[in-house]
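Peer 1: Quick one, input-v7.txt (compact mmCIF, C-alpha atoms):
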```
# COMPACT_ATOMS: atom_id res chain seq x y z
CA GLY A 25 27.00 21.12 17.54
CA CYS A 26 28.59 18.27 19.48
CA LYS A 27 26.06 16.34 21.53
CA CYS A 28 26.52 14.07 24.54
CA GLY A 29 24.04 11.54 25.82
CA VAL A 30 23.24 7.90 26.33
CA PRO A 31 22.99 6.08 23.01
CA ILE A 32 19.67 4.34 22.28
CA GLU A 33 18.66 1.65 19.84
CA CYS A 34 16.07 3.21 17.52
CA GLY A 35 13.70 0.46 16.39
CA GLY A 36 12.90 2.31 13.18
CA ILE A 37 9.77 4.17 12.21
CA CYS A 38 7.21 1.72 13.61
CA PRO A 39 6.59 0.69 17.23
CA PRO A 40 7.87 -2.80 18.16
CA SER A 41 4.41 -4.41 17.87
CA GLU A 42 3.83 -3.07 14.33
CA GLU A 43 5.41 -3.31 10.88
CA MET A 44 5.78 -0.92 7.94
CA LEU A 45 2.71 -1.58 5.78
CA ASN A 46 3.89 0.40 2.75
CA ALA A 47 7.66 -0.04 2.69
CA ALA A 48 7.75 0.21 -1.12
CA THR A 49 5.89 3.54 -1.28
CA ASP A 50 7.96 6.57 -2.33
CA VAL A 51 7.69 9.58 -0.01
CA ARG A 52 9.56 12.86 0.33
CA ILE A 53 11.12 13.83 3.63
CA GLY A 54 12.91 17.15 3.37
CA ASP A 55 14.85 17.10 0.11
CA THR A 56 15.05 13.31 -0.06
CA LEU A 57 12.68 11.17 -2.14
CA ALA A 58 12.91 7.50 -1.19
CA THR A 59 10.81 4.54 -0.06
CA CYS A 60 9.34 4.27 3.41
CA GLY A 61 11.52 1.17 3.82
CA PHE A 62 14.65 3.24 3.12
CA PHE A 63 13.69 5.81 5.77
CA ASP A 64 12.86 2.99 8.20
CA GLU A 65 16.36 1.50 7.75
CA LYS A 66 17.97 4.95 8.18
CA ALA A 67 16.01 5.52 11.40
CA LYS A 68 17.32 2.21 12.78
CA GLU A 69 20.89 3.52 12.38
CA THR A 70 20.40 6.50 14.72
CA ILE A 71 21.47 6.32 18.37
CA ASP A 72 19.94 9.67 19.40
CA SER A 73 16.43 9.44 20.92
CA GLU A 74 15.43 12.90 19.63
CA VAL A 75 16.54 12.07 16.09
CA CYS A 76 14.74 8.71 16.28
CA THR A 77 11.51 10.47 17.28
CA GLU A 78 11.96 13.03 14.46
CA TRP A 79 12.41 10.22 11.89
CA GLN A 80 9.23 8.55 13.16
CA GLU A 81 7.18 11.77 13.07
CA ASP A 82 8.51 12.90 9.65
CA ALA A 83 7.93 9.49 8.05
CA THR A 84 4.40 9.23 9.43
CA ALA A 85 3.59 12.77 8.24
CA ALA A 86 4.98 11.90 4.77
CA GLY A 87 2.64 8.91 4.46
CA CYS A 88 4.56 5.92 5.79
CA LYS A 89 2.09 3.68 7.57
CA CYS A 90 2.66 1.33 10.48
CA GLY A 91 0.29 -1.39 11.61
CA VAL A 92 -0.31 -5.09 12.00
CA PRO A 93 -0.12 -6.79 8.59
CA ILE A 94 -3.15 -8.73 7.36
CA GLU A 95 -3.64 -11.34 4.66
CA CYS A 96 -5.83 -9.77 1.98
CA PRO A 97 -8.06 -12.33 0.22
CA GLY A 98 -7.99 -10.29 -3.02
CA ILE A 99 -11.00 -8.58 -4.53
CA CYS A 100 -13.62 -10.96 -3.14
CA ASP A 101 -14.27 -11.88 0.47
CA ALA A 102 -12.74 -15.13 1.74
CA GLY A 103 -14.69 -18.13 0.45
CA GLU A 104 -16.08 -16.25 -2.57
CA THR A 105 -15.15 -16.59 -6.23
CA LEU A 106 -14.15 -13.91 -8.74
CA VAL A 107 -16.47 -14.82 -11.61
CA ASN A 108 -14.94 -12.69 -14.39
CA ARG A 109 -11.15 -12.93 -14.00
CA ALA A 110 -10.45 -12.32 -17.72
CA ASP A 111 -12.55 -9.15 -18.09
CA ASP A 112 -10.60 -5.92 -18.67
CA VAL A 113 -11.50 -3.05 -16.35
CA THR A 114 -10.22 0.47 -15.74
CA ILE A 115 -9.59 1.46 -12.14
CA CYS A 116 -8.49 5.05 -11.60
CA GLY A 117 -6.72 5.12 -14.96
CA ASN A 118 -5.11 1.66 -14.68
CA VAL A 119 -6.31 -0.93 -17.21
CA ALA A 120 -5.91 -4.64 -16.46
CA THR A 121 -7.92 -7.81 -16.05
CA CYS A 122 -9.96 -8.43 -12.92
CA GLY A 123 -7.68 -11.40 -12.28
CA PHE A 124 -4.61 -9.15 -12.36
CA PHE A 125 -6.11 -6.73 -9.82
CA ASP A 126 -7.23 -9.70 -7.70
CA GLU A 127 -3.69 -11.14 -7.63
CA ARG A 128 -2.11 -7.77 -6.82
CA ASN A 129 -4.54 -7.24 -3.96
CA THR A 130 -3.49 -10.52 -2.31
CA GLU A 131 -0.06 -8.88 -1.86
CA VAL A 132 -1.50 -5.97 0.16
CA VAL A 133 -0.89 -6.17 3.93
CA ASP A 134 -2.89 -3.06 4.96
CA ALA A 135 -6.55 -3.75 5.88
CA GLU A 136 -7.75 -0.31 4.70
CA VAL A 137 -5.98 -0.63 1.34
CA CYS A 138 -7.21 -4.21 0.89
CA SER A 139 -10.81 -3.12 1.46
CA GLN A 140 -10.64 0.01 -0.74
CA ASN A 141 -8.94 -1.86 -3.61
CA ALA A 142 -11.59 -4.58 -3.46
CA GLU A 143 -14.40 -2.02 -3.46
CA ASN A 144 -12.84 -0.12 -6.40
CA ALA A 145 -12.49 -3.36 -8.38
CA ARG A 146 -16.13 -4.30 -7.78
CA VAL A 147 -17.31 -0.81 -8.75
CA ALA A 148 -15.20 -1.06 -11.94
CA GLY A 149 -16.98 -4.29 -12.90
CA CYS A 150 -15.16 -7.20 -11.27
CA ASN A 151 -17.85 -9.54 -10.00
CA CYS A 152 -17.68 -11.73 -6.93
CA SER A 153 -20.06 -14.53 -6.06
CA GLY A 154 -21.19 -12.66 -2.92
CA VAL A 155 -23.66 -9.82 -2.45
CA TYR A 156 -22.31 -6.27 -2.11
CA PRO A 157 -23.99 -2.92 -1.49
CA ASP A 158 -25.12 -0.93 -4.55
CA ASP A 159 -23.87 2.36 -3.11
CA GLU A 160 -20.13 1.62 -3.52
CA LYS A 161 -18.32 4.32 -5.47
CA LEU A 162 -14.89 4.45 -7.09
CA ASP A 163 -12.47 6.23 -4.74
CA CYS A 164 -9.23 7.43 -6.37
CA SER A 165 -8.59 10.20 -3.85
CA THR A 166 -7.28 8.29 -0.85
CA ASN A 167 -4.01 6.50 -0.19
CA ALA A 168 -6.09 3.34 -0.33
CA GLY A 169 -7.08 4.01 -3.94
CA ALA A 170 -6.29 1.77 -6.88
CA GLY A 171 -2.78 3.15 -7.08
CA LEU A 172 -1.85 0.98 -4.12
CA PHE A 173 -2.61 -2.27 -5.92
CA ILE A 174 1.20 -2.72 -5.56
CA SER A 175 3.92 -1.13 -7.68
CA THR A 176 4.43 -3.45 -10.59
CA TRP A 177 4.49 -3.82 -14.34
CA ALA A 178 2.28 -6.42 -15.90
CA VAL A 179 1.50 -7.57 -19.38
CA VAL A 180 -2.24 -7.40 -19.70
CA SER A 181 -4.91 -7.37 -22.41
CA SER A 182 -3.58 -7.24 -25.97
CA MET A 183 -0.02 -7.60 -24.66
CA VAL A 184 0.14 -3.94 -23.61
CA ALA A 185 2.35 -3.20 -20.63
CA VAL A 186 0.47 -1.16 -18.06
CA GLY A 187 2.09 0.29 -14.95
CA VAL A 188 0.16 0.23 -11.71
CA ALA A 189 1.97 2.88 -9.69
CA THR A 190 1.77 3.69 -6.02
CA ALA A 191 -0.13 6.77 -4.97
```
With the file now loaded, output its structure as structure tokens.

Peer 2:
Amino acid sequence: GCKCGVPIECGGICPPSEEMLNAATDVRIGDTLATCGFFDEKAKETIDSEVCTEWQEDATAAGCKCGVPIECPGICDAGETLVNRADDVTICGNVATCGFFDERNTEVVDAEVCSQNAENARVAGCNCSGVYPDDEKLDCSTNAGAGLFISTWAVVSSMVAVGVATA
């Protein structure tokens, strides 16, 4: 089981030009349940190129996502206004105000998640000052669903604590 070779510096799960977009998301790799960020840090500790590649492949297969981070404008497109911030809506089982979902979405750095969250919020009844297609449908089935509005606890409507969990 001893192995010889030239040690390498594993850059983690993502290529050098990209960052972990969902570091806080819990995933299971083998028997270990932890965040993508945890697995990324563990990968950086390896000096074996084969092990580094395995970490990258396993983490990607488990749902860790690399990419170039974006700045999400929230629920509405840049330059638009959310006209009903105080309205309570239900998005894939999560109840909160439109303003709450709007704020959480500004924390998203993944373009696909930003877009899907915004579409889900508009379908649920959050209104922006812009014009949007009528054929948008609530999508709770993808990793970009409402569950990725950021892991957090918030006090919303009627002082009820509602958890918005990751998918």

Peer 1: Here is a test: counting only C-alpha atoms, which residue of A:Asp163, A:Asp50, A:Asp126, A:Asp64 is nearest to Cys90 of chain A?

Peer 2: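 Among the listed residues, the smallest separation from Cys90 of chain A belongs to A:Asp64.
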
Peer 1: Using atom CA of Ser153 of chain A and atom CA of Asp101 of chain A as the two end points, give the distance in Å to one decimal.

Peer 2: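 Interatomic distance, atom CA of Ser153 of chain A to atom CA of Asp101 of chain A: 9.1 Å.
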
Peer 1: Using atom CA of Cys152 of chain A and atom CA of Glu104 of chain A as the two end points, give the distance in Å to one decimal.

Peer 2: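 Distance reported for this atom pair: 6.5 Å.
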
Peer 1: How far is it from atom CA of Val92 of chain A to atom CA of Glu43 of chain A, in Å with one decimal?

Peer 2: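 The value is 6.1 Å.
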
Peer 1: For Phe62 of chain A, find every residue with an atom within 10 Å (counting all atoms listed in the file), except residues of its own chain fewer than 2 positions away, and show them as a PDB file with C-alpha atoms, in the coordinates of the input.

Peer 2:
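Saved result, selection-v7.pdb, follows:
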```pdb
ATOM      1  CA  ALA A  47       7.660  -0.040   2.690  1.00  0.00           C
ATOM      2  CA  ALA A  48       7.750   0.210  -1.120  1.00  0.00           C
ATOM      3  CA  THR A  49       5.890   3.540  -1.280  1.00  0.00           C
ATOM      4  CA  ASP A  50       7.960   6.570  -2.330  1.00  0.00           C
ATOM      5  CA  VAL A  51       7.690   9.580  -0.010  1.00  0.00           C
ATOM      6  CA  LEU A  57      12.680  11.170  -2.140  1.00  0.00           C
ATOM      7  CA  ALA A  58      12.910   7.500  -1.190  1.00  0.00           C
ATOM      8  CA  THR A  59      10.810   4.540  -0.060  1.00  0.00           C
ATOM      9  CA  CYS A  60       9.340   4.270   3.410  1.00  0.00           C
ATOM     10  CA  ASP A  64      12.860   2.990   8.200  1.00  0.00           C
ATOM     11  CA  GLU A  65      16.360   1.500   7.750  1.00  0.00           C
ATOM     12  CA  LYS A  66      17.970   4.950   8.180  1.00  0.00           C
ATOM     13  CA  ALA A  67      16.010   5.520  11.400  1.00  0.00           C
TER      14      ALA A  67
END
```

Peer 1: Using all atoms listed in the file, can you list as a PyMOL selection string the residues within 12 Å of (13.6, 10.7, 15.1)?

Peer 2: chain A and resi 32-38+63-64+66-84

Peer 1: Taking all atoms listed in the file into account, which of A:Pro157, A:Glu95, A:Gly61, A:Asp55 comes nearest Val137 of chain A?

Peer 2: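 Looking at the shortest contact to Val137 of chain A, the residue is A:Glu95.
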
Peer 1: Which residues, written as a list of chain:residue names, have at least one atom at most 8 Å from Ile115 of chain A, with only C-alpha atoms counted and residues fewer than 4 positions away on the same chain left out?

Peer 2: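 The residues that qualify are A:Val119, A:Asn144, A:Ala145, A:Ala148, A:Leu162, A:Ala170.
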
Peer 1: With C-alpha atoms retained, could you export that selection as a PDB file, keeping the file's coordinate frame?

Peer 2:
```pdb
ATOM      1  CA  VAL A 119      -6.310  -0.930 -17.210  1.00  0.00           C
ATOM      2  CA  ASN A 144     -12.840  -0.120  -6.400  1.00  0.00           C
ATOM      3  CA  ALA A 145     -12.490  -3.360  -8.380  1.00  0.00           C
ATOM      4  CA  ALA A 148     -15.200  -1.060 -11.940  1.00  0.00           C
ATOM      5  CA  LEU A 162     -14.890   4.450  -7.090  1.00  0.00           C
ATOM      6  CA  ALA A 170      -6.290   1.770  -6.880  1.00  0.00           C
TER       7      ALA A 170
END
```

Peer 1: I'd like to know which of A:Asn141, A:Asn151, A:Ser165, A:Asn46 is closest to Gly91 of chain A, using only C-alpha atoms.

Peer 2: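 Going through A:Asn141, A:Asn151, A:Ser165, A:Asn46 one by one, the smallest distance to Gly91 of chain A is for A:Asn46.
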
Peer 1: Given the point (-13.0, -12.1, -19.0) in the coordinates of this file, which residues lie within 9 Å, counting all atoms listed in the file, and how would they look as a PyMOL selection string?

Peer 2: chain A and resi 107-112+121-123

Peer 1: Using only C-alpha atoms, which of the listed residues (A:Val155, A:Cys96, A:Cys88, A:Gly103) sits closest to Asn129 of chain A?

Peer 2: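 Closest candidate: A:Cys96.
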
Peer 1: Which one is closest to Phe124 of chain A: A:Ala102, A:Ile53, A:Ala86, A:Cys150? Count all atoms listed in the file.

Peer 2: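 Looking only at the distances to Phe124 of chain A, the closest residue turns out to be A:Cys150.
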
Peer 1: Identify which of the residues A:Pro40, A:Gly154, A:Gly149, A:Pro93 lies closest to Val132 of chain A, counting all atoms listed in the file when measuring atom-to-atom distances.

Peer 2: A:Pro93

Peer 1: Taking all atoms of segment 128-144 of chain A that the file lists, what box with edges along x, y and z, padded by 4 Å per side, do you get, with centre and edge lengths in Å to one decimal, as AutoDock Vina command-line options?

Peer 2:
```
--center_x -7.2 --center_y -5.3 --center_z -0.5 --size_x 22.3 --size_y 18.5 --size_z 20.7
```

Peer 1: Start from the incomplete input, build all heavy atoms for segment 47-58 of chain A, and deliver everything as an mmCIF file, in the frame of the given file.

Peer 2:
```
data_model
loop_
_atom_site.group_PDB
_atom_site.id
_atom_site.type_symbol
_atom_site.label_atom_id
_atom_site.label_comp_id
_atom_site.auth_asym_id
_atom_site.auth_seq_id
_atom_site.Cartn_x
_atom_site.Cartn_y
_atom_site.Cartn_z
ATOM 1 N N ALA A 47 6.209 -0.240 2.799
ATOM 2 C CA ALA A 47 7.660 -0.040 2.690
ATOM 3 C C ALA A 47 8.098 0.348 1.283
ATOM 4 O O ALA A 47 9.084 1.043 1.104
ATOM 5 C CB ALA A 47 8.398 -1.300 3.149
ATOM 6 N N ALA A 48 7.355 -0.067 0.261
ATOM 7 C CA ALA A 48 7.750 0.210 -1.120
ATOM 8 C C ALA A 48 7.250 1.562 -1.634
ATOM 9 O O ALA A 48 7.605 1.987 -2.729
ATOM 10 C CB ALA A 48 7.241 -0.897 -2.042
ATOM 11 N N THR A 49 6.459 2.263 -0.850
ATOM 12 C CA THR A 49 5.890 3.540 -1.280
ATOM 13 C C THR A 49 6.942 4.649 -1.219
ATOM 14 O O THR A 49 7.646 4.795 -0.218
ATOM 15 C CB THR A 49 4.697 3.929 -0.380
ATOM 16 O OG1 THR A 49 3.704 2.910 -0.484
ATOM 17 C CG2 THR A 49 4.089 5.258 -0.793
ATOM 18 N N ASP A 50 7.050 5.426 -2.299
ATOM 19 C CA ASP A 50 7.960 6.570 -2.330
ATOM 20 C C ASP A 50 7.341 7.748 -1.596
ATOM 21 O O ASP A 50 6.172 8.076 -1.824
ATOM 22 C CB ASP A 50 8.256 7.004 -3.777
ATOM 23 C CG ASP A 50 9.166 6.031 -4.501
ATOM 24 O OD1 ASP A 50 9.998 5.387 -3.835
ATOM 25 O OD2 ASP A 50 9.047 5.912 -5.728
ATOM 26 N N VAL A 51 8.123 8.370 -0.725
ATOM 27 C CA VAL A 51 7.690 9.580 -0.010
ATOM 28 C C VAL A 51 8.850 10.568 -0.004
ATOM 29 O O VAL A 51 9.995 10.198 -0.216
ATOM 30 C CB VAL A 51 7.242 9.276 1.441
ATOM 31 C CG1 VAL A 51 5.992 8.427 1.465
ATOM 32 C CG2 VAL A 51 8.348 8.642 2.250
ATOM 33 N N ARG A 52 8.527 11.829 0.231
ATOM 34 C CA ARG A 52 9.560 12.860 0.330
ATOM 35 C C ARG A 52 9.635 13.334 1.775
ATOM 36 O O ARG A 52 8.647 13.736 2.369
ATOM 37 C CB ARG A 52 9.230 14.027 -0.592
ATOM 38 C CG ARG A 52 10.301 15.117 -0.574
ATOM 39 C CD ARG A 52 10.030 16.216 -1.583
ATOM 40 N NE ARG A 52 10.001 15.760 -2.950
ATOM 41 C CZ ARG A 52 11.073 15.464 -3.694
ATOM 42 N NH1 ARG A 52 12.270 15.569 -3.158
ATOM 43 N NH2 ARG A 52 10.948 15.073 -4.936
ATOM 44 N N ILE A 53 10.847 13.267 2.313
ATOM 45 C CA ILE A 53 11.120 13.830 3.630
ATOM 46 C C ILE A 53 12.249 14.829 3.436
ATOM 47 O O ILE A 53 13.354 14.448 3.044
ATOM 48 C CB ILE A 53 11.491 12.750 4.666
ATOM 49 C CG1 ILE A 53 10.327 11.783 4.872
ATOM 50 C CG2 ILE A 53 11.886 13.398 5.992
ATOM 51 C CD1 ILE A 53 10.612 10.656 5.848
ATOM 52 N N GLY A 54 11.931 16.094 3.656
ATOM 53 C CA GLY A 54 12.910 17.150 3.370
ATOM 54 C C GLY A 54 13.185 17.177 1.883
ATOM 55 O O GLY A 54 12.271 17.237 1.076
ATOM 56 N N ASP A 55 14.459 17.090 1.524
ATOM 57 C CA ASP A 55 14.850 17.100 0.110
ATOM 58 C C ASP A 55 15.039 15.693 -0.447
ATOM 59 O O ASP A 55 15.441 15.531 -1.597
ATOM 60 C CB ASP A 55 16.160 17.877 -0.070
ATOM 61 C CG ASP A 55 15.982 19.361 0.212
ATOM 62 O OD1 ASP A 55 14.847 19.862 0.067
ATOM 63 O OD2 ASP A 55 16.981 20.012 0.582
ATOM 64 N N THR A 56 14.767 14.678 0.366
ATOM 65 C CA THR A 56 15.050 13.310 -0.060
ATOM 66 C C THR A 56 13.765 12.578 -0.460
ATOM 67 O O THR A 56 12.803 12.525 0.306
ATOM 68 C CB THR A 56 15.740 12.525 1.089
ATOM 69 O OG1 THR A 56 16.897 13.254 1.501
ATOM 70 C CG2 THR A 56 16.135 11.141 0.634
ATOM 71 N N LEU A 57 13.780 12.009 -1.663
ATOM 72 C CA LEU A 57 12.680 11.170 -2.140
ATOM 73 C C LEU A 57 13.178 9.734 -2.100
ATOM 74 O O LEU A 57 14.168 9.394 -2.744
ATOM 75 C CB LEU A 57 12.280 11.547 -3.572
ATOM 76 C CG LEU A 57 11.197 10.683 -4.207
ATOM 77 C CD1 LEU A 57 9.873 10.849 -3.467
ATOM 78 C CD2 LEU A 57 11.019 11.033 -5.680
ATOM 79 N N ALA A 58 12.517 8.900 -1.319
ATOM 80 C CA ALA A 58 12.910 7.500 -1.190
ATOM 81 C C ALA A 58 11.718 6.697 -0.684
ATOM 82 O O ALA A 58 10.660 7.260 -0.396
ATOM 83 C CB ALA A 58 14.100 7.360 -0.235
#
```
